[in-house]
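Note: the block below is protein-v5.cif and it holds mmCIF, C-alpha atoms and all ligand atoms.
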data_query
#
loop_
_atom_site.label_atom_id
_atom_site.label_comp_id
_atom_site.auth_asym_id
_atom_site.auth_seq_id
_atom_site.Cartn_x
_atom_site.Cartn_y
_atom_site.Cartn_z
CA MET N 1315 84.58 141.52 88.09
CA SER N 1316 81.04 140.26 88.62
CA THR N 1317 78.93 142.21 91.10
CA GLN N 1318 79.10 139.60 93.83
CA ALA N 1319 82.63 138.22 94.06
CA LYS N 1320 82.86 134.49 93.46
CA ALA N 1321 85.38 132.12 94.95
CA VAL N 1322 86.08 128.46 94.47
CA SER N 1323 87.16 126.59 97.56
CA LEU N 1324 89.32 123.47 97.58
CA VAL N 1325 87.09 121.24 99.68
CA SER N 1326 88.87 118.15 100.92
CA GLY N 1327 86.20 117.01 103.34
CA GLY N 1328 88.24 117.96 106.39
CA LEU N 1329 87.56 120.65 108.94
CA ASP N 1330 90.05 123.25 107.73
CA SER N 1331 88.62 123.73 104.27
CA MET N 1332 85.15 123.72 105.79
CA LEU N 1333 86.09 126.59 108.12
CA ALA N 1334 87.90 128.54 105.41
CA THR N 1335 84.88 128.26 103.13
CA ARG N 1336 82.46 129.37 105.79
CA ALA N 1337 84.65 132.33 106.77
CA ILE N 1338 84.54 133.60 103.18
CA MET N 1339 80.83 132.88 102.73
CA ASP N 1340 80.21 134.98 105.83
CA GLN N 1341 81.80 137.90 104.01
CA GLY N 1342 79.09 137.78 101.36
CA ILE N 1343 81.15 135.95 98.74
CA HIS N 1344 79.48 133.34 96.50
CA VAL N 1345 81.50 130.17 97.09
CA GLU N 1346 81.43 126.84 95.29
CA GLY N 1347 83.55 123.85 96.20
CA ILE N 1348 85.97 121.88 94.07
CA ASN N 1349 87.39 118.50 94.94
CA PHE N 1350 90.02 116.60 93.00
CA PHE N 1351 90.02 112.84 92.66
CA THR N 1352 93.58 111.59 92.15
CA GLY N 1353 92.85 107.88 92.61
CA PHE N 1354 94.68 107.93 95.94
CA CYS N 1355 92.04 109.76 97.97
CA VAL N 1356 91.09 107.98 101.16
CA GLU N 1357 87.47 108.79 100.40
CA GLY N 1358 85.27 105.94 99.42
CA HIS N 1359 87.34 103.05 98.24
CA THR N 1360 88.32 100.59 100.86
CA HIS N 1361 85.22 101.13 102.88
CA ALA N 1362 83.25 100.02 99.85
CA ILE N 1363 85.31 96.88 99.46
CA ARG N 1364 85.56 95.14 102.80
CA GLN N 1365 82.44 93.33 103.87
CA GLU N 1366 82.61 94.54 107.47
CA ASP N 1367 82.91 98.12 106.25
CA ARG N 1368 80.00 97.74 103.83
CA GLN N 1369 77.70 97.65 106.83
CA LYS N 1370 78.90 100.99 108.18
CA PRO N 1371 77.15 104.14 107.04
CA LYS N 1372 79.23 105.76 104.35
CA ARG N 1373 79.55 109.29 103.25
CA ASN N 1374 81.85 111.20 101.01
CA ASN N 1375 83.18 113.86 103.33
CA ALA N 1376 83.64 116.49 100.63
CA LEU N 1377 80.00 116.10 99.57
CA TRP N 1378 78.91 116.13 103.15
CA VAL N 1379 80.83 119.33 103.89
CA ALA N 1380 79.37 120.99 100.80
CA GLU N 1381 75.90 120.04 101.89
CA GLN N 1382 76.45 121.37 105.40
CA LEU N 1383 77.67 124.64 103.96
CA GLY N 1384 74.94 124.78 101.33
CA ILE N 1385 77.34 125.13 98.41
CA LYS N 1386 77.75 123.32 95.10
CA LEU N 1387 80.59 120.87 94.78
CA HIS N 1388 82.43 120.03 91.58
CA ILE N 1389 84.36 116.78 91.74
CA VAL N 1390 87.07 116.58 89.13
CA ASP N 1391 88.73 113.42 87.88
CA VAL N 1392 92.47 114.19 87.66
CA ILE N 1393 93.70 110.59 87.68
CA GLU N 1394 95.63 110.89 84.41
CA GLU N 1395 97.14 114.30 85.00
CA TYR N 1396 98.09 113.41 88.54
CA LYS N 1397 100.50 110.73 87.32
CA ASP N 1398 103.08 113.31 86.41
CA VAL N 1399 102.75 114.93 89.84
CA LEU N 1400 103.38 111.64 91.58
CA LEU N 1401 106.03 110.30 89.22
CA ASN N 1402 108.10 113.45 88.78
CA PRO N 1403 107.63 115.72 91.79
CA ARG N 1404 109.90 118.73 91.50
CA HIS N 1405 109.98 119.11 95.25
CA GLY N 1406 110.29 115.43 96.09
CA TYR N 1407 108.29 113.29 98.46
CA GLY N 1408 107.32 113.69 102.09
CA GLN N 1409 107.73 110.98 104.68
CA ASN N 1410 106.18 108.41 102.36
CA MET N 1411 105.30 108.66 98.67
CA ASN N 1412 103.31 111.85 99.20
CA PRO N 1413 104.43 114.67 96.89
CA CYS N 1414 102.47 117.21 98.96
CA LEU N 1415 104.04 120.42 97.74
CA ASP N 1416 103.73 119.52 94.06
CA CYS N 1417 100.27 118.15 94.74
CA LYS N 1418 99.08 121.41 96.31
CA GLY N 1419 100.58 123.38 93.43
CA PHE N 1420 98.84 121.09 90.96
CA MET N 1421 95.45 121.35 92.66
CA VAL N 1422 95.62 125.11 92.95
CA ARG N 1423 96.64 125.27 89.28
CA LYS N 1424 93.61 123.17 88.33
CA ALA N 1425 91.43 125.44 90.46
CA TYR N 1426 93.00 128.45 88.75
CA GLU N 1427 92.12 127.00 85.34
CA TRP N 1428 88.62 126.34 86.63
CA ILE N 1429 88.02 129.90 87.81
CA GLN N 1430 89.16 131.21 84.46
CA GLN N 1431 86.77 128.91 82.61
CA ASN N 1432 83.88 129.58 84.96
CA ASP N 1433 84.32 133.30 85.51
CA PHE N 1434 85.12 133.12 89.21
CA ASP N 1435 87.33 135.65 90.93
CA PHE N 1436 89.61 133.86 93.36
CA ILE N 1437 90.56 130.62 95.08
CA ILE N 1438 90.52 129.69 98.75
CA THR N 1439 92.12 126.82 100.61
CA GLY N 1440 92.05 125.70 104.22
CA GLU N 1441 95.82 125.73 104.59
CA VAL N 1442 97.27 126.73 107.92
CA LEU N 1443 100.80 128.01 108.24
CA GLY N 1444 103.13 125.52 109.89
CA GLN N 1445 100.58 122.75 110.01
CA ARG N 1446 102.09 120.34 107.51
CA PRO N 1447 105.82 119.75 107.30
CA MET N 1448 106.07 120.07 103.54
CA SER N 1449 103.40 122.14 101.89
CA GLN N 1450 102.30 124.51 104.62
CA ARG N 1451 105.53 126.19 105.67
CA LYS N 1452 106.19 129.92 105.46
CA ASP N 1453 108.76 129.32 102.74
CA THR N 1454 106.69 126.87 100.71
CA MET N 1455 103.37 128.71 100.74
CA PRO N 1456 104.57 131.21 98.10
CA VAL N 1457 105.80 128.25 96.02
CA VAL N 1458 102.22 127.03 95.60
CA GLN N 1459 101.08 130.52 94.61
CA ARG N 1460 103.89 130.87 92.10
CA GLU N 1461 103.92 127.42 90.54
CA SER N 1462 100.16 127.17 90.26
CA GLY N 1463 100.03 130.47 88.41
CA ALA N 1464 97.30 131.64 90.79
CA GLY N 1465 99.57 134.22 92.44
CA ASP N 1466 97.65 136.53 94.69
CA LEU N 1467 94.29 135.12 93.62
CA LEU N 1468 94.97 132.43 96.17
CA LEU N 1469 93.64 133.32 99.60
CA ARG N 1470 94.16 131.18 102.70
CA PRO N 1471 91.57 132.60 105.11
CA LEU N 1472 92.77 130.64 108.17
CA CYS N 1473 96.28 132.07 108.15
CA ALA N 1474 95.86 135.12 105.89
CA LYS N 1475 97.07 137.51 108.54
CA HIS N 1476 100.50 135.90 108.50
CA LEU N 1477 100.77 136.33 104.75
CA PRO N 1478 100.95 139.35 102.46
CA PRO N 1479 97.51 140.71 101.46
CA THR N 1480 96.10 139.01 98.39
CA LEU N 1481 94.11 140.63 95.60
CA PRO N 1482 90.68 139.86 97.16
CA GLU N 1483 91.84 141.64 100.32
CA ARG N 1484 93.42 144.58 98.53
CA GLU N 1485 90.36 145.05 96.36
CA GLY N 1486 88.14 144.96 99.43
CA TRP N 1487 86.13 141.92 98.28
CA VAL N 1488 87.00 140.42 101.64
CA GLU N 1489 87.94 142.19 104.86
CA ARG N 1490 91.38 141.16 106.00
CA ASP N 1491 90.45 142.02 109.59
CA LYS N 1492 87.89 139.26 109.61
CA LEU N 1493 90.38 136.64 108.45
CA PHE N 1494 92.52 134.55 110.79
CA ALA N 1495 96.08 134.11 111.97
CA PHE N 1496 96.20 130.39 112.72
CA ASN N 1497 99.67 129.02 112.96
CA GLY N 1498 101.28 125.73 113.88
CA ARG N 1499 100.14 122.22 114.52
CA SER N 1500 97.70 122.84 117.35
CA ARG N 1501 94.11 122.13 116.34
CA LYS N 1502 92.64 124.21 119.14
CA PRO N 1503 91.90 127.38 117.12
CA GLN N 1504 90.14 125.28 114.48
CA MET N 1505 88.07 123.47 117.13
CA ALA N 1506 87.09 126.79 118.70
CA LEU N 1507 86.07 128.25 115.34
CA ALA N 1508 84.13 125.09 114.51
CA GLN N 1509 82.23 125.54 117.74
CA GLU N 1510 81.57 129.18 116.96
CA TYR N 1511 80.15 128.18 113.57
CA GLY N 1512 78.12 125.39 115.15
CA PHE N 1513 79.96 122.59 113.33
CA THR N 1514 79.78 119.59 115.59
CA ASP N 1515 80.22 116.65 113.28
CA TYR N 1516 83.24 116.85 111.04
CA ALA N 1517 85.88 114.45 109.75
CA THR N 1518 88.61 113.94 112.31
CA PRO N 1519 91.79 115.66 111.29
CA ALA N 1520 94.19 113.02 109.99
CA GLY N 1521 97.79 112.98 108.84
CA GLY N 1522 96.94 113.48 105.22
CA CYS N 1523 94.18 113.40 102.67
CA CYS N 1524 95.38 110.42 100.70
CA PHE N 1525 96.85 106.94 100.72
CA LEU N 1526 100.23 108.29 99.66
CA THR N 1527 100.88 109.37 103.24
CA ASP N 1528 100.34 105.79 104.38
CA LYS N 1529 103.54 103.83 104.94
CA ALA N 1530 102.18 100.39 104.06
CA TYR N 1531 100.49 101.70 100.94
CA SER N 1532 103.61 103.55 99.81
CA GLU N 1533 105.69 100.40 100.24
CA LYS N 1534 103.32 98.47 98.00
CA LEU N 1535 103.50 101.22 95.40
CA VAL N 1536 107.30 101.24 95.43
CA ASP N 1537 107.36 97.44 95.23
CA MET N 1538 105.09 97.60 92.18
CA TRP N 1539 107.35 100.11 90.45
CA GLN N 1540 110.50 98.19 91.29
CA HIS N 1541 109.16 95.08 89.66
CA ARG N 1542 107.86 96.63 86.48
CA SER N 1543 109.73 98.02 83.56
CA SER N 1544 107.90 101.33 83.83
CA ARG N 1545 106.51 103.42 86.68
CA ASP N 1546 103.39 104.25 84.72
CA TYR N 1547 100.23 102.98 86.40
CA GLN N 1548 96.55 102.53 85.73
CA LEU N 1549 93.71 103.20 88.13
CA ASP N 1550 93.25 99.44 88.56
CA ASP N 1551 96.87 99.08 89.71
CA ILE N 1552 96.52 101.63 92.45
CA MET N 1553 93.12 100.32 93.52
CA LEU N 1554 94.49 96.80 93.85
CA LEU N 1555 97.19 98.07 96.19
CA LYS N 1556 94.41 98.93 98.64
CA VAL N 1557 92.95 95.44 98.69
CA GLY N 1558 94.01 92.10 100.12
CA ARG N 1559 97.23 90.61 101.40
CA HIS N 1560 100.14 91.13 99.00
CA LEU N 1561 102.93 88.54 98.91
CA ARG N 1562 105.88 88.41 96.54
CA PRO N 1563 107.37 84.92 96.87
CA ARG N 1564 109.54 85.39 93.77
CA PRO N 1565 110.80 88.66 92.29
CA HIS N 1566 108.84 88.16 89.08
CA PHE N 1567 105.38 87.60 90.53
CA LYS N 1568 103.13 88.85 93.28
CA MET N 1569 100.05 87.28 94.82
CA ILE N 1570 97.03 89.35 95.86
CA ILE N 1571 95.07 87.27 98.36
CA SER N 1572 91.58 88.26 99.48
CA ARG N 1573 91.20 88.39 103.25
CA GLU N 1574 87.46 88.27 103.45
CA GLU N 1575 84.31 88.03 101.38
CA GLY N 1576 84.09 91.65 100.35
CA GLU N 1577 87.65 91.65 99.07
CA GLY N 1578 87.01 88.34 97.31
CA LYS N 1579 84.06 89.89 95.49
CA PHE N 1580 86.07 92.92 94.57
CA LEU N 1581 88.95 90.82 93.22
CA GLU N 1582 86.45 88.73 91.22
CA GLY N 1583 86.08 91.78 89.01
CA TYR N 1584 89.71 91.33 87.92
CA ARG N 1585 89.43 87.65 86.99
CA LYS N 1586 89.74 88.30 83.29
CA GLN N 1587 92.93 90.32 83.70
CA PHE N 1588 94.90 87.93 85.92
CA LEU N 1589 95.72 84.29 86.19
CA HIS N 1590 93.96 83.36 89.41
CA LEU N 1591 93.58 80.60 91.95
CA ARG N 1592 90.64 79.33 93.96
CA THR N 1593 90.53 76.74 96.67
CA HIS N 1594 88.24 74.00 95.44
CA SER N 1595 88.16 71.50 98.28
CA HIS N 1596 87.73 74.02 101.10
CA ALA N 1597 86.57 77.55 101.63
CA GLY N 1598 89.43 79.85 100.75
CA PRO N 1599 90.55 83.12 99.25
CA LEU N 1600 90.55 84.25 95.68
CA VAL N 1601 94.16 84.84 94.63
CA LEU N 1602 95.29 86.96 91.70
CA ILE N 1603 98.75 86.41 90.28
CA ASP N 1604 100.47 89.52 89.00
CA GLY N 1605 103.44 88.60 86.76
CA GLU N 1606 104.54 85.91 84.32
CA VAL N 1607 104.61 82.53 86.01
CA SER N 1608 105.97 79.05 85.26
CA ASP N 1609 104.38 75.77 86.34
CA ASP N 1610 106.72 75.71 89.34
CA ASP N 1611 105.64 79.20 90.32
CA ILE N 1612 101.98 78.20 90.07
CA HIS N 1613 102.61 75.20 92.28
CA LEU N 1614 104.32 77.43 94.84
CA ALA N 1615 101.46 79.94 94.67
CA ALA N 1616 98.90 77.17 95.11
CA ARG N 1617 100.61 75.95 98.29
CA ILE N 1618 100.65 79.50 99.64
CA ALA N 1619 97.00 80.03 98.66
CA ALA N 1620 96.08 76.82 100.49
CA ARG N 1621 97.70 78.22 103.63
CA TYR N 1622 95.16 81.07 103.70
CA GLY N 1623 92.07 78.88 103.33
CA GLN N 1624 90.15 76.62 105.69
CA GLY N 1625 92.21 73.67 104.49
CA ARG N 1626 95.41 75.05 105.99
CA ASP N 1627 95.75 72.03 108.31
CA ALA N 1628 94.64 69.43 105.75
CA GLU N 1629 97.04 66.98 104.12
CA GLN N 1630 95.97 67.97 100.65
CA VAL N 1631 94.04 70.89 99.28
CA GLU N 1632 92.61 71.07 95.80
CA ILE N 1633 93.35 74.35 94.07
CA GLU N 1634 91.81 75.41 90.81
CA VAL N 1635 94.05 77.44 88.52
CA ILE N 1636 92.31 79.59 85.92
CA ALA N 1637 94.60 80.91 83.21
CA LEU N 1638 94.08 84.09 81.22
CA ASP N 1639 92.69 82.04 78.33
CA GLU N 1640 90.20 80.60 80.88
CA GLN N 1641 91.77 77.13 80.76
CA HIS N 1642 91.16 75.41 84.09
CA GLN N 1643 93.60 73.14 85.84
CA MET N 1644 93.28 71.31 89.17
CA LEU N 1645 96.25 70.94 91.49
CA GLN N 1646 96.50 68.83 94.63
CA VAL N 1647 98.90 70.54 97.01
CA ARG N 1648 100.11 70.37 100.58
CA PRO N 1649 99.46 73.72 102.25
CA PHE N 1650 102.46 75.66 103.49
CA GLY N 1651 102.94 75.79 107.24
CA GLN N 1652 102.94 79.13 109.03
CA ASP N 1653 106.74 79.17 109.23
CA GLU N 1654 107.17 78.39 105.56
CA ILE N 1655 105.70 81.76 104.58
CA SER N 1656 108.73 84.00 104.66
CA PRO N 1657 108.11 87.40 106.25
CA LYS N 1658 110.25 88.80 103.43
CA TRP N 1659 107.52 87.91 100.95
CA ARG N 1660 105.09 90.35 102.55
CA VAL N 1661 104.80 93.52 100.59
CA MET G 1263 57.52 104.06 82.73
CA ALA G 1264 59.27 107.42 82.59
CA ARG G 1265 61.45 108.07 79.57
CA ILE G 1266 65.19 107.65 80.09
CA ASP G 1267 67.35 109.99 78.05
CA ARG G 1268 70.73 108.65 78.96
CA GLU G 1269 72.21 105.54 80.54
CA LEU G 1270 75.36 105.41 82.66
CA ASP G 1271 77.04 102.12 83.44
CA ALA G 1272 79.04 102.78 86.62
CA ARG G 1273 79.36 99.15 87.64
CA ARG G 1274 82.61 98.24 89.37
CA LEU G 1275 83.57 101.87 89.75
CA LEU G 1276 84.25 102.92 93.31
CA CYS G 1277 83.10 106.20 94.78
CA PRO G 1278 83.58 108.96 93.95
CA LEU G 1279 83.93 107.82 90.33
CA PRO G 1280 80.23 106.99 89.84
CA VAL G 1281 79.41 110.47 91.14
CA ILE G 1282 81.95 112.07 88.82
CA ARG G 1283 80.62 110.13 85.83
CA ALA G 1284 77.04 111.09 86.72
CA GLN G 1285 78.06 114.72 87.17
CA ASP G 1286 79.83 114.73 83.79
CA ALA G 1287 76.88 113.08 82.06
CA ILE G 1288 74.45 115.58 83.59
CA ALA G 1289 76.64 118.48 82.46
CA ASP G 1290 75.66 117.56 78.88
CA MET G 1291 71.96 117.04 79.61
CA ARG G 1292 69.04 119.43 79.62
CA SER G 1293 66.63 120.30 82.39
CA GLY G 1294 63.87 117.72 82.69
CA GLU G 1295 65.89 114.90 81.10
CA ARG G 1296 66.45 111.66 82.96
CA LEU G 1297 69.67 109.81 83.61
CA ARG G 1298 69.68 106.16 84.65
CA VAL G 1299 72.76 105.07 86.59
CA VAL G 1300 73.63 101.45 87.34
CA ALA G 1301 76.35 101.04 89.97
CA THR G 1302 77.72 98.41 92.30
CA ASP G 1303 79.51 100.45 94.97
CA PRO G 1304 77.07 100.82 97.89
CA GLY G 1305 78.64 104.24 98.50
CA VAL G 1306 76.48 105.60 95.65
CA LYS G 1307 73.36 105.18 97.80
CA ASN G 1308 74.63 108.07 99.85
CA ASP G 1309 76.88 109.96 97.47
CA ILE G 1310 74.72 110.34 94.37
CA PRO G 1311 71.66 111.62 96.30
CA ALA G 1312 73.95 113.98 98.25
CA TRP G 1313 75.49 115.27 95.04
CA CYS G 1314 72.02 115.72 93.53
CA ARG G 1315 70.75 117.57 96.58
CA ILE G 1316 73.58 120.08 96.58
CA ASN G 1317 73.38 120.63 92.85
CA GLY G 1318 69.60 120.85 92.67
CA HIS G 1319 68.83 117.63 90.74
CA LYS G 1320 66.25 115.12 91.80
CA VAL G 1321 66.71 111.42 92.50
CA GLU G 1322 63.41 110.00 91.26
CA SER G 1323 64.07 106.46 92.34
CA MET G 1324 66.75 104.23 93.76
CA ASP G 1325 66.42 100.42 93.63
CA GLU G 1326 68.81 97.75 94.71
CA ARG G 1327 68.84 94.20 93.47
CA ASP G 1328 71.53 91.55 93.20
CA ASP G 1329 74.30 93.89 94.33
CA GLU G 1330 73.32 96.45 91.71
CA ILE G 1331 71.98 99.87 92.52
CA VAL G 1332 69.86 101.61 89.93
CA LEU G 1333 69.18 105.32 90.27
CA ILE G 1334 67.04 107.52 88.08
CA ILE G 1335 67.97 111.18 88.22
CA GLU G 1336 65.92 113.98 86.84
CA VAL G 1337 68.18 116.81 85.77
CA GLU G 1338 67.44 120.04 87.64
CA GLY G 1339 64.43 118.51 89.39
CA PHE G 1340 61.30 120.61 88.96
CA GLY G 1341 61.02 123.03 91.79
CA ALA G 1342 62.95 120.80 94.18
CA PRO G 1343 65.01 123.29 96.10
CA ALA G 1344 68.46 122.11 96.96
CA PHE G 1345 69.40 121.58 100.60
CA THR G 1346 65.95 120.99 102.02
CA ASP G 1347 65.34 117.28 102.05
CA HIS G 1348 67.68 115.95 104.67
S1 LIG M 1 98.30 114.20 101.48
FE1 LIG M 1 98.04 113.46 99.36
S2 LIG M 1 96.34 114.70 98.52
FE2 LIG M 1 97.05 115.74 100.38
S3 LIG M 1 98.56 117.24 99.64
FE3 LIG M 1 99.71 115.38 100.20
S4 LIG M 1 99.87 114.20 98.32
FE4 LIG M 1 98.25 115.73 97.99
#
Same coordinates, now as structure tokens:
Amino acid sequence: MSTQAKAVSLVSGGLDSMLATRAIMDQGIHVEGINFFTGFCVEGHTHAIRQEDRQKPKRNNALWVAEQLGIKLHIVDVIEEYKDVLLNPRHGYGQNMNPCLDCKGFMVRKAYEWIQQNDFDFIITGEVLGQRPMSQRKDTMPVVQRESGAGDLLLRPLCAKHLPPTLPEREGWVERDKLFAFNGRSRKPQMALAQEYGFTDYATPAGGCCFLTDKAYSEKLVDMWQHRSSRDYQLDDIMLLKVGRHLRPRPHFKMIISREEGEGKFLEGYRKQFLHLRTHSHAGPLVLIDGEVSDDDIHLAARIAARYGQGRDAEQVEIEVIALDEQHQMLQVRPFGQDEISPKWRV
Amino acid sequence: MARIDRELDARRLLCPLPVIRAQDAIADMRSGERLRVVATDPGVKNDIPAWCRINGHKVESMDERDDEIVLIIEVEGFGAPAFTDH
């Protein structure tokens, strides 16, 4: 082992990993952070898309936490590898499409690979026993250790006293007595420790660290899979699920309708990949069509698109249809009324 | 104008991808070299300087025009200690 023990900490940007990291730094360990980008992380995306959110100050919480702690942060793109975790989770999904237990195992495994490549000694996470229904139970915590391959190189400082001593404790690199015994869903012990460390501004604890815990998002993802021949996905697919109003008026095609300027701009970037519609005679959304469509389908989509523009009460609205080969076509349509948009179309 | 050793087109990528791409580009660069990043996600205005601060690199300039943000990063900025300039 190197003279000063070195640990890598899974920094999510939330309070727990921030506390766990600090607790280990206070024991004289050199700590660096690692953060995995799966494509589903709440960080960043939507707040960069919507116009109203563009005005708000933005920060990447993982970077912010690293800066507060004065540690390096390595952000790792795991988009490709994560597909298998999401598509084939051995331990299934949580309440929504979140494969938390497999996800934790995967991230700790990646961290384990990282420490081997970078000559670090152990891994820490901010997990708390009993805090999450799936991945942080007494019976599932050893699963992460086992399946990641990290074994007892994985230390969870916030609940270490409830768990068997790990190698860093047994070797005396860290003092077990100075670790914690947090347990359960209450956030009080974390808040108290945050106060003790002088952390006043931290990301509010939320239900999960990614969009997969979000019901509406998960429904869109399932809808996408159900209407494609394969469940494989690209980053663009999962990004588009975060943007706009999604309607599926026919099983074989879906409309992605921008709700405001920022989303319109974002969807503009996909013009070359999708047949799309614009309202010509009035201000209106940009609409991408996902699926193979007939002339009848396009006419239907144009009437729906007209409903979401300023011409919704007009007799006729002119809609421009731009095909994938960039051929333009103008359609005059009567906008759908509110009650003609079936609630069943909403994805 | 200062020499640019490497260009990174991060347009249309949303954070943290521009940061990841910059980080990966810098991993292959030498101290004193300059990376020019062009991005469109306004999140980079915060995230790339933050990443540079914690990793000891220096953002030499950051300009914004027509929805594009252009950053010039000097790898392992000379004598700029990390964590001090915020
Ligand atoms: S909430 Fe998302 S990122 Fe967090 S453990 Fe679950 S699946 Fe993984």
Can you write out as CSV which residues of chain G fall within 6 Å of chain N, alongside each residue's closest atom pair and its distance in Å to one decimal, counting all atoms listed in the file and ordering rows by chain and ascending residue number?
residue,atom,partner,partner_atom,distance
G:Leu1276,CA,N:His1359,CA,5.8
G:Cys1277,CA,N:Gly1358,CA,5.1
G:Ile1316,CA,N:Lys1386,CA,5.5
G:Asn1317,CA,N:Lys1386,CA,5.6
Quiz item: Expressed in Å to a single decimal, how great is the separation between CA of Tyr1622 in chain N and CA of Pro1599 in chain N?
Solution: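 Those two atoms sit 6.7 Å apart.
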Quiz prompt | Interatomic distance, CA of Thr1335 in chain N to CA of Ile1348 in chain N (Å, one decimal) | solution = 11.1 Å
Return as CSV the residues of chain N lying at most 7 Å from ligand LIG 1 (chain M), together with the closest atom-to-atom pair for each and the distance in Å to one decimal, counting all atoms listed in the file, with rows in chain order and ascending residue number.
residue,atom,partner,partner_atom,distance
N:Cys1355,CA,M:LIG1,S2,6.6
N:Asn1412,CA,M:LIG1,S4,4.3
N:Pro1413,CA,M:LIG1,S4,4.8
N:Cys1414,CA,M:LIG1,FE3,3.5
N:Leu1415,CA,M:LIG1,S3,6.6
N:Cys1417,CA,M:LIG1,FE4,4.5
N:Lys1418,CA,M:LIG1,S3,5.4
N:Gly1522,CA,M:LIG1,S1,4.0
N:Cys1523,CA,M:LIG1,FE2,4.4
N:Cys1524,CA,M:LIG1,FE1,4.3
N:Phe1525,CA,M:LIG1,FE1,6.8
N:Leu1526,CA,M:LIG1,FE1,5.6
N:Thr1527,CA,M:LIG1,S1,5.8
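You can rank G:Leu1275, G:Gly1294, G:Ser1323, G:Val1281 by their closest distance to Glu1336 in chain G using all atoms listed in the file, and at the top of that list sits G:Gly1294.
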Self-check item: Pick from N:Gln1630, N:Thr1352, N:Thr1480, N:Thr1454, whichever lies nearest to Pro1278 in chain G using only C-alpha atoms
Solution: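 Smallest separation from Pro1278 in chain G among the options: N:Thr1352.
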Practice problem: Please determine the residues with any atom at most 10 Å from (101.0, 115.4, 88.6) (coordinates as given in the file, with only C-alpha atoms counting) and report them as a PyMOL selection string. | Solution: chain N and resi 1352+1392-1404+1413+1416-1421
